[in-house]
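Participant: Take this structure, written in structure tokens, and hold onto it; I'll ask about it next.
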Amino acid sequence: MERWRYHNPVDIRFGAGALGVLPSLTRGRRVTLVTFPEAKALGVIDRVRTILKADLVRVIDHTTPNPDVVELDMMYCDFWHDAASGEVLLAVGGGSVIDTAKALMVATADGSFAALVDLLAAAKPFSPARVRPLIAVPTTAGTGSEVTPWATIWDRGASRKYSLHLDSGLDALSHALESIWNVNANPVSDTHAVAAAREVLATLPALMRDRSSLALRTRMSQAALQAGLAFSNTKTALAHSISYDMTLHHGLPHGIACSFTLPLVLERALGVDPGRDAVLSRIFDGDLAGAPARLTNFLEGLGVSTRFETYGVSDTRRDQMIAAALDGVRGKNFIGARSAATA
Ligand SMILES: [Fe+2]
């Protein structure tokens with residue numbers, strides 16, 4: 001048997017009302033809250049203030065979807081140069097908010113964000129001069145960012161607002177599947193991934209019809225968490241590699257960008273490795289031949305087209321995009337990458 005390793009040091013508190021444990025975690029330390037612009041109007045900031053009282057010393061709510069290096073630069077300098085920022089970071093929001101807080105939590109030697117970007121660009125090992133502990137409270141069921149050690153930061157000219165509400169749930173499905181058709185998969189990541197994928201497939205259509213159901217939202221939250229635990233150890237693969245191009249150049253929200261290709265990637269994954277087939281088969285009740293069509297019907301049923309042309313991508317451009325994605329860092333995690341390269 002091959003050797004493998006699984007490591008995830010995040011202390012998880014799950015369930016309705018879990019926010020109430022905050023004071024026992026912050027223990028009187030001063031807290032900066034990182035959240036989304038609508039949080040005040042939604043009563044989120046007041047709710048946190050009621051729980052933390054005077055310990056909440058600062059609120060950063062000018063975060064944006066898919067945080068950009070230019071936007072993060074000023075926020076980072078403000079945070080690290082102001083002694084009033086406190087000792088603990090609390091992120092309440094979706095993946096972009098949690099990723100923003102992750103970027104803030106590590107200080108470079110000179111306190112400049114440019115130094116951090118340089119280190120990331122050079123893929124150099126980074127020993128932060130200072131670190132703020134982070135408590136992440138996800139308000140979407142999808143990204144799993146609360147249990148992964150990385151953040152996605154964008155370097156580009158423009159960002160845009162998104163309107164689809166269930167797309168983060170599809171991100172969770174993508175994380176689960178991508179951790180299975182992955183060269184880094186192991187039995188523990190597989191167990192989390194199968195449970196997560198089955199739960200998303202069962203829950204999301206029902207949630208689409210009844211978005212207020214606390215029971216369904218709880219199930220989706222747990223599925224997203226488990227998908228996070230799966231890919232926190234494997235990283236993602238081909239569908240995410242394609243997604244970056246679709247988000248950057250075609251404006252697709254992450255949850256759609258990383259899930260509309262899942263049937264296509266599944267087709268490429270099947271038959272590559274009997275062990276991987278066996279794990280995928282646990283999701284699709286043993287019917288692997290029908291699995292791509294089932295996935296297509298699931299996505300189309302949620303209103304997500306699985307065809308590139310719907311998003312303005314020609315067949316030629318699609319083929320180029322897939323070839324480039326297979327060559328990308330995440331694409332190389334895909335079990336079919338090697339056979340595709342030699343085909
Ligand atoms: Fe993702």
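Order determines the names: the first chain of the structure tokens is A, the second B, and so forth; residues in each chain are numbered 1 upward, and ligands are numbered 1 upward as they are shown.
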Residues at most 8 Å from ligand 1, using only C-alpha atoms and all ligand atoms? Could they come as a list in words?

Facilitator: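 Based on only C-alpha atoms and all ligand atoms, ligand 1 is surrounded within 8 Å by Gly142, Thr143, Asp171, Ala172, Ser174, His175, Thr236, His240, His254, Gly255 and Cys258 of chain A.
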
Participant: Could you pull out the residues in stretch 98-131 of chain A that DSSP calls strand (DSSP E or B) from the backbone, as a PyMOL selection string?

Facilitator: chain A and resi 106-107+130-131

Participant: Do you know which residues are at most 10 Å from A:Tyr6 counting only C-alpha atoms, after dropping those on the same chain fewer than 2 positions away, and could you put them as a PyMOL selection string?

Facilitator: chain A and resi 4+8+185-189+229-230+232-234

Participant: Leaving out stretch 60-72 of chain A and any residue of its chain fewer than 6 positions from it, which residues lie within 6 Å of it when counting only C-alpha atoms, given as a list in words?

Facilitator: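 After dropping sequence-adjacent residues, the list is Val34, Thr35, Phe36, Pro37, Ser96, Ile153, Trp154 and Asp155 of chain A.
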
Participant: Would you kindly return, as a list in words, each protein, DNA or RNA residue with an atom no farther than 8 Å from any atom of stretch 307-318 of chain A, considering only C-alpha atoms and excluding same-chain residues fewer than 4 positions away?

Facilitator: His250, Phe260, Thr261 and Ile322 of chain A

Participant: Kindly save the residues from that selection, with all heavy atoms included, as a PDB file, in the first residue's frame.

Facilitator:
```
ATOM      1  N   HIS A 250     -13.846  35.708 -18.785  1.00  0.00           N
ATOM      2  CA  HIS A 250     -15.258  35.654 -19.161  1.00  0.00           C
ATOM      3  C   HIS A 250     -16.173  36.039 -18.003  1.00  0.00           C
ATOM      4  O   HIS A 250     -17.394  35.938 -18.114  1.00  0.00           O
ATOM      5  CB  HIS A 250     -15.607  34.259 -19.701  1.00  0.00           C
ATOM      6  CG  HIS A 250     -14.825  33.912 -20.943  1.00  0.00           C
ATOM      7  ND1 HIS A 250     -15.259  34.240 -22.205  1.00  0.00           N
ATOM      8  CD2 HIS A 250     -13.614  33.328 -21.098  1.00  0.00           C
ATOM      9  CE1 HIS A 250     -14.350  33.842 -23.094  1.00  0.00           C
ATOM     10  NE2 HIS A 250     -13.338  33.293 -22.450  1.00  0.00           N
ATOM     11  N   PHE A 260     -19.081  23.990 -14.154  1.00  0.00           N
ATOM     12  CA  PHE A 260     -19.775  23.682 -15.411  1.00  0.00           C
ATOM     13  C   PHE A 260     -18.999  22.672 -16.258  1.00  0.00           C
ATOM     14  O   PHE A 260     -19.563  22.004 -17.122  1.00  0.00           O
ATOM     15  CB  PHE A 260     -20.081  24.968 -16.213  1.00  0.00           C
ATOM     16  CG  PHE A 260     -18.975  25.461 -17.096  1.00  0.00           C
ATOM     17  CD1 PHE A 260     -18.960  25.155 -18.458  1.00  0.00           C
ATOM     18  CD2 PHE A 260     -17.944  26.224 -16.575  1.00  0.00           C
ATOM     19  CE1 PHE A 260     -17.938  25.603 -19.279  1.00  0.00           C
ATOM     20  CE2 PHE A 260     -16.911  26.674 -17.384  1.00  0.00           C
ATOM     21  CZ  PHE A 260     -16.909  26.368 -18.735  1.00  0.00           C
ATOM     22  N   THR A 261     -17.715  22.496 -15.977  1.00  0.00           N
ATOM     23  CA  THR A 261     -16.903  21.519 -16.719  1.00  0.00           C
ATOM     24  C   THR A 261     -16.835  20.163 -16.014  1.00  0.00           C
ATOM     25  O   THR A 261     -16.155  19.255 -16.504  1.00  0.00           O
ATOM     26  CB  THR A 261     -15.458  22.034 -16.870  1.00  0.00           C
ATOM     27  OG1 THR A 261     -14.938  22.299 -15.557  1.00  0.00           O
ATOM     28  CG2 THR A 261     -15.373  23.289 -17.720  1.00  0.00           C
ATOM     29  N   ILE A 322      -8.466  24.176 -22.398  1.00  0.00           N
ATOM     30  CA  ILE A 322      -8.293  22.902 -21.689  1.00  0.00           C
ATOM     31  C   ILE A 322      -6.824  22.461 -21.742  1.00  0.00           C
ATOM     32  O   ILE A 322      -6.261  22.015 -20.733  1.00  0.00           O
ATOM     33  CB  ILE A 322      -9.223  21.817 -22.284  1.00  0.00           C
ATOM     34  CG1 ILE A 322     -10.685  22.180 -22.025  1.00  0.00           C
ATOM     35  CG2 ILE A 322      -8.907  20.446 -21.684  1.00  0.00           C
ATOM     36  CD1 ILE A 322     -11.694  21.305 -22.743  1.00  0.00           C
TER      37      ILE A 322
END
```

Participant: Taking into account only C-alpha atoms, which residue in the set A:Gly331, A:Gly43, A:Gly228, A:Gly95 is nearest to A:Asn182?

Facilitator: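 Closest to A:Asn182 of all the choices is A:Gly331.
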
Participant: Between A:Val97, A:Val106, A:Ala114, A:Lys124, which is the closest to A:Thr139 once you count only C-alpha atoms?

Facilitator: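 Using only C-alpha atoms, the shortest distance to A:Thr139 belongs to A:Val97.
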
Participant: Which residues are near A:Glu178? Cut-off 9 Å, only C-alpha atoms, ignore same chain within fewer than 6 positions. Put them as a VMD selection string.

Facilitator: chain A and resid 193 231 234 to 240 262 333 to 334

Participant: Kindly indicate which residue among A:Ala109, A:Met208, A:Val48, A:Pro133 lies nearest to A:Leu25, using only C-alpha atoms for the distances.

Facilitator: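 Of A:Ala109, A:Met208, A:Val48, A:Pro133, the one nearest A:Leu25, counting only C-alpha atoms, is A:Pro133.
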
Participant: Given only C-alpha atoms as the basis, pick out the residue of A:Gly144, A:Gly28, A:Pro292, A:Gly271 nearest to A:Ile98.

Facilitator: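 Using only C-alpha atoms, the shortest distance to A:Ile98 belongs to A:Gly144.
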